[in-house]
Amino acid sequence: MFSETFVPSIFSYKHRLLHLSVLFFIVPYWYSHYNEQHRLSSYSVETAMFLSWERAIVKPGAMFKKAVIGFNCNVDLIVSGVRVVEALNTTCSEGKDQESMESLADLHQTFAHFFQRGAAAERYMSSEEQFNILVNEAEASTRSHHHIGGNAALMADRIAANFPSTEVYLVGPIGPRSQALIHPSVKRTNSTRILKDELHVILEYKQGEILGDWVAPSSSRFITSHDHFSGSMVVMEMFFKAIAQFRPDLVIITGVHLLEFQSKEMRQEKMRLIKRNLLQINPKTPIHLELGSLADEAFSTDVISKILPYVDSLGINEQELTFLSHIADGPYREEYPVQAGTVHVHKVVEMLHWLLKTYGRDPTGQNPNKVGYRLSRIHFHCLTYHIMVSSGTDWSNLAAGLAAGARIAGRLSCNIGANTMDSELLEIRTAANFVLDKKMEKHYQFESHNPIASWMREDVLFVFTPVLVCRLPSKTVGIDDAISATGLLYSQFYRLGRPTHW
């Protein structure tokens with residue numbers, strides 16, 4: 001039996017100073033914690049998501065110091081797509097995807113095809129005369145705007161503006177107007193200067209706009225062009241020459257999709273040139289491929305077999321991913337073409353896993369069919385969510401890169417300043433609960449204060465986040481390039497050793 005007068009020594013009166021110090025510690029902590037919880041609960045869903053991304057965005061230990069980017073550059077002529085197409089005096093009873101457009105009627109059909117799906121796309125206009133008519137009509141529009149364009153120029157411009165410590169070298173056809181529009185700190189080469197800018201017509205439309213019998217389910221854009229220089233042999237050769245001279249620690253290659261519209265013999269020769277030069281780049285220097293809109297199955301098959309395995313990183317959207325899966329016998333082939341709305345997350349996860357396991361690097365080095373393969377990172381982005389996928393140990397800081405890319409998407413489309421957050425302009429368009437990965441039985445429960453989810457599947461890491469969507473976007477073009485560039489610069493790459501194939 002214990003004595004009734006027993007008191008543990010720690011609670012004795014002589015320890016009153018200790019008791020007071022503990023009390024003075026606990027009360028402020030409890031009060032601070034209560035206030036913090038009250039403050040967090042008072043935030044809107046959008047603000048809470050934004051602040052969560054801010055906490056996740058941490059700069060990598062070693063930033064990229066030099067980047068060489070090529071090779072498509074142009075000036076974007078941005079106009080109201082519905083207004084310009086209606087002014088062309090063409091008729092269209094049904095939408096149809098034309099791989100290469102020969103007339104303004106073909107343009108109307110192809111624009112309508114993607115308009116009714118709310119899907120972004122890019123198609124080449126083979127007739128220079130018809131393209132010039134389109135340009136004249138677009139430039140006559142009172143709402144037309146000229147901006148820097150082309151994946152390479154857009155990514156270079158974004159990196160120069162947001163990452164001043166990274167030196168950027170751009171190789172591409174640069175004319176007088178693009179020379180004036182590009183960020184002044186971007187280094188350029190005189191060997192690829194042209195007298196007249198390449199021009200792309202960006203036919204933008206907003207959710208709810210009407211064209212004939214169709215209503216746009218979401219805001220997007222359709223791009224058409226008649227380029228002469230972006231896919232030229234001279235520009236490509238100067239791009240790879242700049243890599244040897246500038247000795248970057250990051251290489252970004254874009255504009256491969258523009259070769260699709262050239263003759264079969266010409267594009268095969270250029271594909272061999274690209275692959276040969278990719279194989280000569282030091283394996284410790286990461287190569288990122290920013291894919292563009294594709295339509296030709298034979299050409300696209302060459303891209304995924306001759307180029308995709310020999311880059312370290314890939315930027316891709318839902319239209320491009322579903323098309324690659326469709327033509328290469330991947331999972332959910334029936335998802336192409338993407339209809340109105342977004343592809344279910346678990347289907348995209350399956351396609352990304354297939355793409356990385358089929359065309360990605362073999363970390364063991366034991367597969368003889370994958371000698372020289374480098375692909376180990378994919379950054380997928382669509383309107384409502386983004387996913388980062390990685391295998392092996394080469395890439396790190398991926399959650400920060402994913403969050404940074406998601407943050408900039410809504411800001412750019414709504415034209416929100418870098419240091420402001422207007423949650424009234426943005427909205428979340430994701431379900432409260434859904435399947436992320438069927439095979440792993442991974443489900444997602446939305447939490448605004450913790451929106452990022454990650455999981456492993458075999459040796460592949462997946463990182464997912466929903467995206468804040470702009471309610472009334474002021475622009476749609478260039479968003480994908482900004483997302484990829486930002487995510488890439490926040491990612492960190494380090495490869496141990498030297499592969500035996502190099």
# chains A, B, ... in the order shown; residues from 1 in each chain; ligands from 1
>>> residues_around(residues="A:Ser80", least_positions_apart="3", cutoff="10 Å", atoms="only C-alpha atoms", output="ChimeraX atom specification")
/A:83-85,138,141-144,202-206,221
>>> write_last_selection(atoms="all heavy atoms", output="CSV table (one decimal), in the first residue's frame")
chain,number,residue,atom,x,y,z
A,83,ARG,N,-14.0,34.1,-84.4
A,83,ARG,CA,-14.2,35.2,-85.2
A,83,ARG,C,-13.4,35.1,-86.5
A,83,ARG,O,-14.0,35.4,-87.6
A,83,ARG,CB,-13.7,36.5,-84.5
A,83,ARG,CG,-14.2,37.8,-85.1
A,83,ARG,CD,-13.3,38.9,-85.0
A,83,ARG,NE,-12.1,38.8,-85.8
A,83,ARG,CZ,-12.0,39.0,-87.1
A,83,ARG,NH1,-13.1,39.4,-87.8
A,83,ARG,NH2,-10.9,38.8,-87.8
A,84,VAL,N,-12.2,34.6,-86.5
A,84,VAL,CA,-11.4,34.5,-87.7
A,84,VAL,C,-11.9,33.4,-88.6
A,84,VAL,O,-12.0,33.6,-89.8
A,84,VAL,CB,-9.9,34.3,-87.4
A,84,VAL,CG1,-9.1,33.9,-88.6
A,84,VAL,CG2,-9.3,35.5,-86.7
A,85,VAL,N,-12.2,32.2,-88.1
A,85,VAL,CA,-12.7,31.1,-88.9
A,85,VAL,C,-14.1,31.5,-89.5
A,85,VAL,O,-14.3,31.2,-90.7
A,85,VAL,CB,-12.9,29.8,-88.0
A,85,VAL,CG1,-13.7,28.8,-88.7
A,85,VAL,CG2,-11.5,29.3,-87.6
A,138,ALA,N,-6.3,37.3,-90.0
A,138,ALA,CA,-6.0,37.4,-88.6
A,138,ALA,C,-5.4,38.7,-88.2
A,138,ALA,O,-5.8,39.3,-87.1
A,138,ALA,CB,-5.0,36.3,-88.2
A,141,SER,N,-7.8,41.5,-87.6
A,141,SER,CA,-8.6,41.5,-86.4
A,141,SER,C,-8.2,42.6,-85.4
A,141,SER,O,-7.0,42.8,-85.2
A,141,SER,CB,-8.5,40.1,-85.7
A,141,SER,OG,-9.1,40.1,-84.5
A,142,THR,N,-9.1,43.2,-84.8
A,142,THR,CA,-8.8,44.3,-83.9
A,142,THR,C,-8.3,43.7,-82.6
A,142,THR,O,-7.7,44.5,-81.8
A,142,THR,CB,-10.1,45.1,-83.6
A,142,THR,OG1,-11.1,44.3,-83.1
A,142,THR,CG2,-10.5,45.9,-84.8
A,143,ARG,N,-8.4,42.4,-82.4
A,143,ARG,CA,-8.0,41.8,-81.1
A,143,ARG,C,-6.7,41.0,-81.3
A,143,ARG,O,-6.4,40.1,-80.5
A,143,ARG,CB,-9.1,41.0,-80.5
A,143,ARG,CG,-10.3,41.8,-80.1
A,143,ARG,CD,-11.4,40.9,-79.5
A,143,ARG,NE,-12.6,41.6,-79.2
A,143,ARG,CZ,-13.7,41.0,-78.7
A,143,ARG,NH1,-13.7,39.7,-78.5
A,143,ARG,NH2,-14.8,41.8,-78.4
A,144,SER,N,-6.0,41.2,-82.4
A,144,SER,CA,-4.8,40.3,-82.6
A,144,SER,C,-3.7,40.9,-81.8
A,144,SER,O,-3.5,42.1,-81.5
A,144,SER,CB,-4.4,40.4,-84.1
A,144,SER,OG,-4.1,41.7,-84.5
A,202,ILE,N,-2.4,31.6,-83.9
A,202,ILE,CA,-3.0,30.9,-82.7
A,202,ILE,C,-4.4,31.3,-82.6
A,202,ILE,O,-4.8,32.4,-82.3
A,202,ILE,CB,-2.3,31.4,-81.4
A,202,ILE,CG1,-0.7,31.4,-81.6
A,202,ILE,CG2,-2.7,30.5,-80.3
A,202,ILE,CD1,-0.1,30.1,-81.9
A,203,LEU,N,-5.3,30.3,-82.9
A,203,LEU,CA,-6.7,30.5,-82.9
A,203,LEU,C,-7.3,30.1,-81.5
A,203,LEU,O,-7.5,28.9,-81.3
A,203,LEU,CB,-7.4,29.7,-84.0
A,203,LEU,CG,-6.9,30.0,-85.4
A,203,LEU,CD1,-7.4,28.9,-86.4
A,203,LEU,CD2,-7.4,31.3,-85.9
A,204,GLU,N,-7.4,31.1,-80.6
A,204,GLU,CA,-7.8,30.8,-79.3
A,204,GLU,C,-9.4,30.9,-79.2
A,204,GLU,O,-10.0,31.6,-80.0
A,204,GLU,CB,-7.2,31.8,-78.3
A,204,GLU,CG,-5.8,31.6,-78.0
A,204,GLU,CD,-5.3,32.3,-76.8
A,204,GLU,OE1,-5.7,33.4,-76.5
A,204,GLU,OE2,-4.5,31.7,-76.0
A,205,TYR,N,-9.9,30.1,-78.2
A,205,TYR,CA,-11.3,30.2,-77.9
A,205,TYR,C,-11.6,29.9,-76.5
A,205,TYR,O,-10.7,29.3,-75.8
A,205,TYR,CB,-12.1,29.2,-78.8
A,205,TYR,CG,-11.6,27.7,-78.7
A,205,TYR,CD1,-12.1,26.9,-77.8
A,205,TYR,CD2,-10.7,27.3,-79.6
A,205,TYR,CE1,-11.7,25.6,-77.7
A,205,TYR,CE2,-10.2,26.0,-79.6
A,205,TYR,CZ,-10.7,25.1,-78.6
A,205,TYR,OH,-10.3,23.8,-78.6
A,206,LYS,N,-12.7,30.4,-76.0
A,206,LYS,CA,-13.0,30.3,-74.6
A,206,LYS,C,-14.2,29.3,-74.3
A,206,LYS,O,-15.0,29.0,-75.2
A,206,LYS,CB,-13.4,31.7,-74.0
A,206,LYS,CG,-12.3,32.7,-74.1
A,206,LYS,CD,-12.6,34.0,-73.4
A,206,LYS,CE,-11.5,35.0,-73.6
A,206,LYS,NZ,-10.2,34.6,-73.1
A,221,ARG,N,-6.8,26.2,-77.6
A,221,ARG,CA,-6.3,26.9,-78.8
A,221,ARG,C,-6.0,25.9,-79.9
A,221,ARG,O,-5.7,24.8,-79.6
A,221,ARG,CB,-5.1,27.8,-78.6
A,221,ARG,CG,-3.8,27.1,-78.5
A,221,ARG,CD,-3.6,26.4,-77.2
A,221,ARG,NE,-2.3,25.7,-77.1
A,221,ARG,CZ,-2.0,24.9,-76.1
A,221,ARG,NH1,-2.8,24.7,-75.1
A,221,ARG,NH2,-0.8,24.3,-76.1
>>> select_by_dssp(residues="stretch 83-173 of chain A", states="helix (DSSP H, G or I)", output="short mmCIF file (atom, residue, chain, number, x, y, z; two decimals) with all heavy atoms, in the first residue's frame")
data_model
loop_
_atom_site.label_atom_id
_atom_site.label_comp_id
_atom_site.auth_asym_id
_atom_site.auth_seq_id
_atom_site.Cartn_x
_atom_site.Cartn_y
_atom_site.Cartn_z
N ARG A 83 -13.95 34.06 -84.36
CA ARG A 83 -14.15 35.23 -85.22
C ARG A 83 -13.43 35.09 -86.55
O ARG A 83 -13.98 35.37 -87.61
CB ARG A 83 -13.67 36.50 -84.50
CG ARG A 83 -14.22 37.79 -85.12
CD ARG A 83 -13.26 38.93 -84.99
NE ARG A 83 -12.06 38.76 -85.80
CZ ARG A 83 -12.00 38.99 -87.11
NH1 ARG A 83 -13.06 39.36 -87.78
NH2 ARG A 83 -10.86 38.81 -87.77
N VAL A 84 -12.16 34.62 -86.49
CA VAL A 84 -11.37 34.51 -87.72
C VAL A 84 -11.90 33.40 -88.62
O VAL A 84 -12.04 33.59 -89.84
CB VAL A 84 -9.88 34.28 -87.38
CG1 VAL A 84 -9.10 33.91 -88.64
CG2 VAL A 84 -9.28 35.53 -86.74
N VAL A 85 -12.22 32.24 -88.05
CA VAL A 85 -12.74 31.12 -88.86
C VAL A 85 -14.06 31.50 -89.52
O VAL A 85 -14.29 31.20 -90.70
CB VAL A 85 -12.89 29.85 -87.99
CG1 VAL A 85 -13.67 28.77 -88.74
CG2 VAL A 85 -11.51 29.31 -87.59
N GLU A 86 -14.94 32.19 -88.80
CA GLU A 86 -16.21 32.61 -89.38
C GLU A 86 -16.01 33.63 -90.50
O GLU A 86 -16.80 33.69 -91.45
CB GLU A 86 -17.11 33.20 -88.29
CG GLU A 86 -17.67 32.14 -87.34
CD GLU A 86 -18.55 32.73 -86.26
OE1 GLU A 86 -18.42 33.96 -86.00
OE2 GLU A 86 -19.36 31.98 -85.67
N ALA A 87 -14.94 34.42 -90.39
CA ALA A 87 -14.68 35.46 -91.40
C ALA A 87 -14.09 34.88 -92.69
O ALA A 87 -14.00 35.59 -93.71
CB ALA A 87 -13.74 36.51 -90.83
N LEU A 104 -8.38 26.52 -96.77
CA LEU A 104 -9.06 27.13 -95.64
C LEU A 104 -10.26 26.29 -95.19
O LEU A 104 -10.63 26.29 -94.01
CB LEU A 104 -9.52 28.55 -96.00
CG LEU A 104 -8.39 29.55 -96.31
CD1 LEU A 104 -8.96 30.89 -96.75
CD2 LEU A 104 -7.47 29.72 -95.10
N ALA A 105 -10.84 25.55 -96.13
CA ALA A 105 -11.94 24.64 -95.77
C ALA A 105 -11.42 23.52 -94.87
O ALA A 105 -12.08 23.10 -93.91
CB ALA A 105 -12.57 24.06 -97.03
N ASP A 106 -10.22 23.01 -95.18
CA ASP A 106 -9.58 22.00 -94.33
C ASP A 106 -9.32 22.56 -92.94
O ASP A 106 -9.50 21.87 -91.92
CB ASP A 106 -8.26 21.53 -94.93
CG ASP A 106 -8.43 20.67 -96.17
OD1 ASP A 106 -9.56 20.21 -96.41
OD2 ASP A 106 -7.44 20.47 -96.90
N LEU A 107 -8.90 23.82 -92.90
CA LEU A 107 -8.65 24.48 -91.62
C LEU A 107 -9.95 24.55 -90.79
O LEU A 107 -9.93 24.24 -89.59
CB LEU A 107 -8.12 25.90 -91.85
CG LEU A 107 -8.08 26.82 -90.62
CD1 LEU A 107 -7.02 26.34 -89.63
CD2 LEU A 107 -7.80 28.26 -91.02
N HIS A 108 -11.03 24.92 -91.43
CA HIS A 108 -12.33 25.02 -90.75
C HIS A 108 -12.73 23.66 -90.16
O HIS A 108 -13.14 23.56 -88.99
CB HIS A 108 -13.38 25.51 -91.74
CG HIS A 108 -14.65 25.96 -91.09
ND1 HIS A 108 -15.51 26.86 -91.68
CD2 HIS A 108 -15.23 25.65 -89.89
CE1 HIS A 108 -16.54 27.08 -90.88
NE2 HIS A 108 -16.39 26.34 -89.80
N GLN A 109 -12.59 22.60 -90.97
CA GLN A 109 -12.95 21.26 -90.53
C GLN A 109 -12.10 20.82 -89.34
O GLN A 109 -12.61 20.26 -88.36
CB GLN A 109 -12.75 20.26 -91.67
CG GLN A 109 -13.97 20.03 -92.54
CD GLN A 109 -13.82 18.77 -93.37
OE1 GLN A 109 -12.73 18.42 -93.81
NE2 GLN A 109 -14.92 18.09 -93.61
N THR A 110 -10.79 21.05 -89.43
CA THR A 110 -9.87 20.59 -88.38
C THR A 110 -10.05 21.41 -87.11
O THR A 110 -10.04 20.86 -86.00
CB THR A 110 -8.41 20.69 -88.87
OG1 THR A 110 -8.31 20.07 -90.15
CG2 THR A 110 -7.47 19.99 -87.91
N PHE A 111 -10.25 22.71 -87.26
CA PHE A 111 -10.50 23.56 -86.10
C PHE A 111 -11.77 23.11 -85.38
O PHE A 111 -11.80 23.00 -84.15
CB PHE A 111 -10.62 25.02 -86.54
CG PHE A 111 -10.94 25.97 -85.42
CD1 PHE A 111 -9.96 26.39 -84.54
CD2 PHE A 111 -12.25 26.45 -85.24
CE1 PHE A 111 -10.26 27.26 -83.49
CE2 PHE A 111 -12.56 27.31 -84.21
CZ PHE A 111 -11.56 27.73 -83.33
N ALA A 112 -12.81 22.82 -86.15
CA ALA A 112 -14.08 22.37 -85.56
C ALA A 112 -13.92 21.04 -84.83
O ALA A 112 -14.53 20.81 -83.78
CB ALA A 112 -15.14 22.25 -86.65
N HIS A 113 -13.10 20.16 -85.39
CA HIS A 113 -12.86 18.84 -84.78
C HIS A 113 -12.33 18.98 -83.36
O HIS A 113 -12.81 18.31 -82.43
CB HIS A 113 -11.86 18.06 -85.65
CG HIS A 113 -11.41 16.76 -85.04
ND1 HIS A 113 -12.15 15.61 -85.13
CD2 HIS A 113 -10.28 16.45 -84.33
CE1 HIS A 113 -11.51 14.63 -84.51
NE2 HIS A 113 -10.38 15.12 -84.02
N PHE A 114 -11.35 19.85 -83.17
CA PHE A 114 -10.75 20.01 -81.84
C PHE A 114 -11.54 20.98 -80.98
O PHE A 114 -11.56 20.85 -79.75
CB PHE A 114 -9.29 20.48 -81.98
CG PHE A 114 -8.39 19.41 -82.54
CD1 PHE A 114 -7.99 19.45 -83.88
CD2 PHE A 114 -7.96 18.36 -81.75
CE1 PHE A 114 -7.17 18.46 -84.40
CE2 PHE A 114 -7.15 17.36 -82.26
CZ PHE A 114 -6.75 17.41 -83.59
N PHE A 115 -12.22 21.95 -81.61
CA PHE A 115 -13.03 22.92 -80.88
C PHE A 115 -14.13 22.22 -80.08
O PHE A 115 -14.35 22.53 -78.90
CB PHE A 115 -13.63 23.91 -81.88
CG PHE A 115 -14.59 24.90 -81.28
CD1 PHE A 115 -14.13 26.11 -80.78
CD2 PHE A 115 -15.97 24.64 -81.24
CE1 PHE A 115 -15.02 27.05 -80.24
CE2 PHE A 115 -16.86 25.56 -80.69
CZ PHE A 115 -16.37 26.77 -80.19
N GLU A 128 1.07 27.75 -99.01
CA GLU A 128 1.55 29.05 -98.52
C GLU A 128 0.55 30.15 -98.88
O GLU A 128 0.34 31.08 -98.10
CB GLU A 128 2.93 29.36 -99.10
CG GLU A 128 3.55 30.62 -98.52
CD GLU A 128 5.01 30.76 -98.89
OE1 GLU A 128 5.51 29.97 -99.72
OE2 GLU A 128 5.67 31.68 -98.35
N GLU A 129 -0.07 30.03 -100.04
CA GLU A 129 -1.03 31.04 -100.48
C GLU A 129 -2.23 31.07 -99.53
O GLU A 129 -2.67 32.15 -99.11
CB GLU A 129 -1.51 30.72 -101.90
CG GLU A 129 -2.55 31.71 -102.42
CD GLU A 129 -3.12 31.29 -103.77
OE1 GLU A 129 -2.69 30.26 -104.31
OE2 GLU A 129 -4.02 32.00 -104.27
N GLN A 130 -2.78 29.90 -99.20
CA GLN A 130 -3.91 29.83 -98.29
C GLN A 130 -3.53 30.31 -96.88
O GLN A 130 -4.31 30.98 -96.19
CB GLN A 130 -4.45 28.40 -98.21
CG GLN A 130 -5.05 27.89 -99.52
CD GLN A 130 -6.43 28.47 -99.79
OE1 GLN A 130 -7.41 28.07 -99.18
NE2 GLN A 130 -6.49 29.44 -100.69
N PHE A 131 -2.32 29.99 -96.47
CA PHE A 131 -1.85 30.43 -95.15
C PHE A 131 -1.75 31.95 -95.09
O PHE A 131 -2.12 32.58 -94.09
CB PHE A 131 -0.50 29.80 -94.82
CG PHE A 131 0.04 30.19 -93.46
CD1 PHE A 131 -0.55 29.71 -92.30
CD2 PHE A 131 1.13 31.05 -93.35
CE1 PHE A 131 -0.06 30.08 -91.05
CE2 PHE A 131 1.62 31.43 -92.11
CZ PHE A 131 1.02 30.94 -90.96
N ASN A 132 -1.27 32.56 -96.17
CA ASN A 132 -1.15 34.02 -96.21
C ASN A 132 -2.53 34.70 -96.15
O ASN A 132 -2.67 35.78 -95.56
CB ASN A 132 -0.40 34.47 -97.46
CG ASN A 132 1.09 34.15 -97.38
OD1 ASN A 132 1.64 34.03 -96.28
ND2 ASN A 132 1.74 34.00 -98.52
N ILE A 133 -3.53 34.07 -96.77
CA ILE A 133 -4.89 34.61 -96.67
C ILE A 133 -5.34 34.60 -95.21
O ILE A 133 -5.94 35.56 -94.70
CB ILE A 133 -5.86 33.80 -97.55
CG1 ILE A 133 -5.51 33.97 -99.03
CG2 ILE A 133 -7.31 34.22 -97.28
CD1 ILE A 133 -6.32 33.08 -99.96
N LEU A 134 -5.05 33.48 -94.52
CA LEU A 134 -5.39 33.37 -93.10
C LEU A 134 -4.67 34.44 -92.28
O LEU A 134 -5.29 35.08 -91.41
CB LEU A 134 -5.04 31.97 -92.59
CG LEU A 134 -5.19 31.74 -91.08
CD1 LEU A 134 -6.65 31.86 -90.67
CD2 LEU A 134 -4.62 30.39 -90.69
N VAL A 135 -3.40 34.64 -92.55
CA VAL A 135 -2.61 35.64 -91.82
C VAL A 135 -3.20 37.03 -92.02
O VAL A 135 -3.34 37.81 -91.06
CB VAL A 135 -1.14 35.60 -92.26
CG1 VAL A 135 -0.37 36.80 -91.71
CG2 VAL A 135 -0.49 34.30 -91.79
N ASN A 136 -3.54 37.36 -93.26
CA ASN A 136 -4.11 38.68 -93.54
C ASN A 136 -5.42 38.89 -92.78
O ASN A 136 -5.69 39.97 -92.26
CB ASN A 136 -4.34 38.85 -95.05
CG ASN A 136 -3.03 38.94 -95.81
OD1 ASN A 136 -2.00 39.34 -95.25
ND2 ASN A 136 -3.06 38.57 -97.08
N GLU A 137 -6.24 37.86 -92.74
CA GLU A 137 -7.51 37.95 -92.02
C GLU A 137 -7.27 38.09 -90.52
O GLU A 137 -7.94 38.86 -89.83
CB GLU A 137 -8.37 36.70 -92.30
CG GLU A 137 -9.76 36.74 -91.69
CD GLU A 137 -10.58 37.91 -92.20
OE1 GLU A 137 -10.65 38.10 -93.43
OE2 GLU A 137 -11.17 38.63 -91.37
N ALA A 138 -6.28 37.33 -90.03
CA ALA A 138 -5.97 37.38 -88.59
C ALA A 138 -5.41 38.74 -88.20
O ALA A 138 -5.77 39.29 -87.15
CB ALA A 138 -4.98 36.27 -88.23
N GLU A 139 -4.53 39.29 -89.02
CA GLU A 139 -3.92 40.58 -88.70
C GLU A 139 -4.92 41.73 -88.81
O GLU A 139 -4.72 42.78 -88.21
CB GLU A 139 -2.71 40.83 -89.59
CG GLU A 139 -1.53 39.93 -89.23
CD GLU A 139 -0.28 40.25 -90.03
OE1 GLU A 139 -0.41 40.64 -91.21
OE2 GLU A 139 0.82 40.10 -89.47
N ASN A 151 8.18 26.45 -79.13
CA ASN A 151 8.50 25.83 -77.84
C ASN A 151 9.86 26.25 -77.32
O ASN A 151 10.03 26.56 -76.14
CB ASN A 151 8.45 24.30 -77.96
CG ASN A 151 7.15 23.80 -78.53
OD1 ASN A 151 7.08 23.54 -79.72
ND2 ASN A 151 6.14 23.65 -77.69
N ALA A 152 10.87 26.26 -78.21
CA ALA A 152 12.23 26.58 -77.78
C ALA A 152 12.32 28.01 -77.27
O ALA A 152 12.87 28.28 -76.19
CB ALA A 152 13.21 26.37 -78.93
N ALA A 153 11.77 28.96 -78.03
CA ALA A 153 11.84 30.36 -77.63
C ALA A 153 11.03 30.61 -76.36
O ALA A 153 11.46 31.36 -75.48
CB ALA A 153 11.33 31.24 -78.77
N LEU A 154 9.87 29.98 -76.23
CA LEU A 154 9.03 30.16 -75.05
C LEU A 154 9.71 29.62 -73.80
O LEU A 154 9.66 30.24 -72.73
CB LEU A 154 7.68 29.49 -75.26
CG LEU A 154 6.72 30.22 -76.21
CD1 LEU A 154 5.57 29.30 -76.62
CD2 LEU A 154 6.15 31.48 -75.56
N MET A 155 10.34 28.46 -73.91
CA MET A 155 11.02 27.88 -72.75
C MET A 155 12.26 28.69 -72.38
O MET A 155 12.54 28.91 -71.20
CB MET A 155 11.37 26.42 -73.02
CG MET A 155 10.15 25.52 -73.16
SD MET A 155 10.53 23.77 -73.40
CE MET A 155 10.89 23.27 -71.71
N ALA A 156 12.99 29.16 -73.39
CA ALA A 156 14.16 30.00 -73.12
C ALA A 156 13.74 31.29 -72.44
O ALA A 156 14.38 31.76 -71.48
CB ALA A 156 14.89 30.29 -74.42
N ASP A 157 12.66 31.89 -72.93
CA ASP A 157 12.16 33.14 -72.37
C ASP A 157 11.72 32.95 -70.92
O ASP A 157 12.01 33.79 -70.05
CB ASP A 157 10.97 33.62 -73.21
CG ASP A 157 10.65 35.09 -72.99
OD1 ASP A 157 11.43 35.93 -73.45
OD2 ASP A 157 9.62 35.38 -72.35
N ARG A 158 11.05 31.85 -70.62
CA ARG A 158 10.57 31.58 -69.26
C ARG A 158 11.73 31.36 -68.30
O ARG A 158 11.74 31.88 -67.18
CB ARG A 158 9.65 30.34 -69.29
CG ARG A 158 9.10 29.92 -67.93
CD ARG A 158 8.34 31.00 -67.23
NE ARG A 158 7.36 31.63 -68.10
CZ ARG A 158 6.64 32.69 -67.75
NH1 ARG A 158 6.82 33.25 -66.56
NH2 ARG A 158 5.75 33.20 -68.59
N ILE A 159 12.73 30.59 -68.72
CA ILE A 159 13.88 30.33 -67.85
C ILE A 159 14.66 31.62 -67.59
O ILE A 159 15.06 31.90 -66.46
CB ILE A 159 14.78 29.25 -68.48
CG1 ILE A 159 14.05 27.90 -68.51
CG2 ILE A 159 16.09 29.11 -67.69
CD1 ILE A 159 14.76 26.82 -69.30
N ALA A 160 14.86 32.41 -68.64
CA ALA A 160 15.59 33.67 -68.48
C ALA A 160 14.86 34.62 -67.53
O ALA A 160 15.50 35.32 -66.73
CB ALA A 160 15.79 34.33 -69.84
N ALA A 161 13.54 34.66 -67.60
CA ALA A 161 12.76 35.58 -66.77
C ALA A 161 12.69 35.13 -65.32
O ALA A 161 12.74 35.95 -64.40
CB ALA A 161 11.35 35.72 -67.34
N ASN A 162 12.56 33.81 -65.08
CA ASN A 162 12.32 33.31 -63.73
C ASN A 162 13.55 32.71 -63.04
O ASN A 162 13.53 32.51 -61.82
CB ASN A 162 11.21 32.25 -63.75
CG ASN A 162 9.85 32.85 -64.02
OD1 ASN A 162 9.74 34.02 -64.39
ND2 ASN A 162 8.80 32.08 -63.84
#
>>> atom_distance(atom1="atom CA of A:Ala120", atom2="atom CA of A:Arg177")
25.4 Å
>>> closest_residue(among="A:Gly208, A:Gly410, A:Gly172, A:Gly315", to="A:Gly487", atoms="only C-alpha atoms")
A:Gly315
>>> residues_around(residues="stretch 307-312 of chain A", least_positions_apart="5", cutoff="7 Å", atoms="only C-alpha atoms", output="list in words")
Lys275, Leu278, Leu279, Pro286, Ile287, His288, Leu289, Tyr359, Gly360, Gly372, Tyr373, Arg374, Leu375, Ser376 and Arg377 of chain A
>>> residues_around(residues="stretch 70-78 of chain A", least_positions_apart="2", cutoff="6 Å", atoms="only C-alpha atoms", output="number ranges by chain")
A: 144-150, 152-153, 170-173, 178, 198-202, 230, 253-255
>>> residues_around(residues="A:His381", least_positions_apart="3", cutoff="8 Å", atoms="only C-alpha atoms", output="list of chain:residue names")
A:Gly315, A:Ile316, A:Asn317, A:Glu318, A:Tyr385, A:His386, A:Ile387, A:Asp480, A:Ile483
>>> residues_around(residues="stretch 163-166 of chain A", least_positions_apart="3", cutoff="9 Å", atoms="only C-alpha atoms", output="list in words")
Met63, Phe64, Lys65, Lys66, Ala67, Arg158, Ile159, Ala160, Ser185, Thr486 and Leu489 of chain A
>>> atom_distance(atom1="atom CA of A:Leu88", atom2="atom CA of A:His257")
27.0 Å
>>> select_by_dssp(residues="stretch 288-438 of chain A", states="strand (DSSP E)", output="MDAnalysis selection string")
chainID A and resid 288:290 313:317 377:381 385:391 395:396 426:428 433:437
>>> closest_residue(among="A:Ile57, A:Met125, A:Leu461, A:Val234", to="A:Leu356", atoms="only C-alpha atoms")
A:Leu461
>>> atom_distance(atom1="atom CA of A:Arg471", atom2="atom CA of A:Leu425")
5.7 Å
>>> residues_around(residues="A:Thr301", least_positions_apart="4", cutoff="12 Å", atoms="only C-alpha atoms", output="list of chain:residue names")
A:His257, A:Glu260, A:Gln268, A:Met271, A:Leu294, A:Ala295, A:Asp296, A:Glu297, A:Ser305, A:Lys306, A:Ile307, A:Leu308, A:Phe323, A:Leu324, A:Ser325, A:His326, A:Ile327, A:Ala328, A:Asp329
>>> write_last_selection(atoms="C-alpha atoms", output="short mmCIF file (atom, residue, chain, number, x, y, z; two decimals), in the first residue's frame")
data_model
loop_
_atom_site.label_atom_id
_atom_site.label_comp_id
_atom_site.auth_asym_id
_atom_site.auth_seq_id
_atom_site.Cartn_x
_atom_site.Cartn_y
_atom_site.Cartn_z
CA HIS A 257 6.97 17.53 -84.36
CA GLU A 260 6.13 15.62 -89.62
CA GLN A 268 14.17 10.29 -91.94
CA MET A 271 15.81 11.90 -87.52
CA LEU A 294 1.49 14.83 -83.63
CA ALA A 295 -0.84 13.38 -86.26
CA ASP A 296 1.13 11.14 -88.66
CA GLU A 297 1.38 7.58 -87.28
CA SER A 305 11.57 4.53 -81.19
CA LYS A 306 14.46 6.68 -82.48
CA ILE A 307 14.41 9.79 -80.25
CA LEU A 308 12.36 9.22 -77.11
CA PHE A 323 -1.86 9.39 -79.34
CA LEU A 324 1.45 7.63 -78.55
CA SER A 325 -0.41 4.91 -76.66
CA HIS A 326 -2.88 4.58 -79.54
CA ILE A 327 -0.24 4.04 -82.24
CA ALA A 328 2.25 1.97 -80.20
CA ASP A 329 -0.22 -0.53 -78.76
#
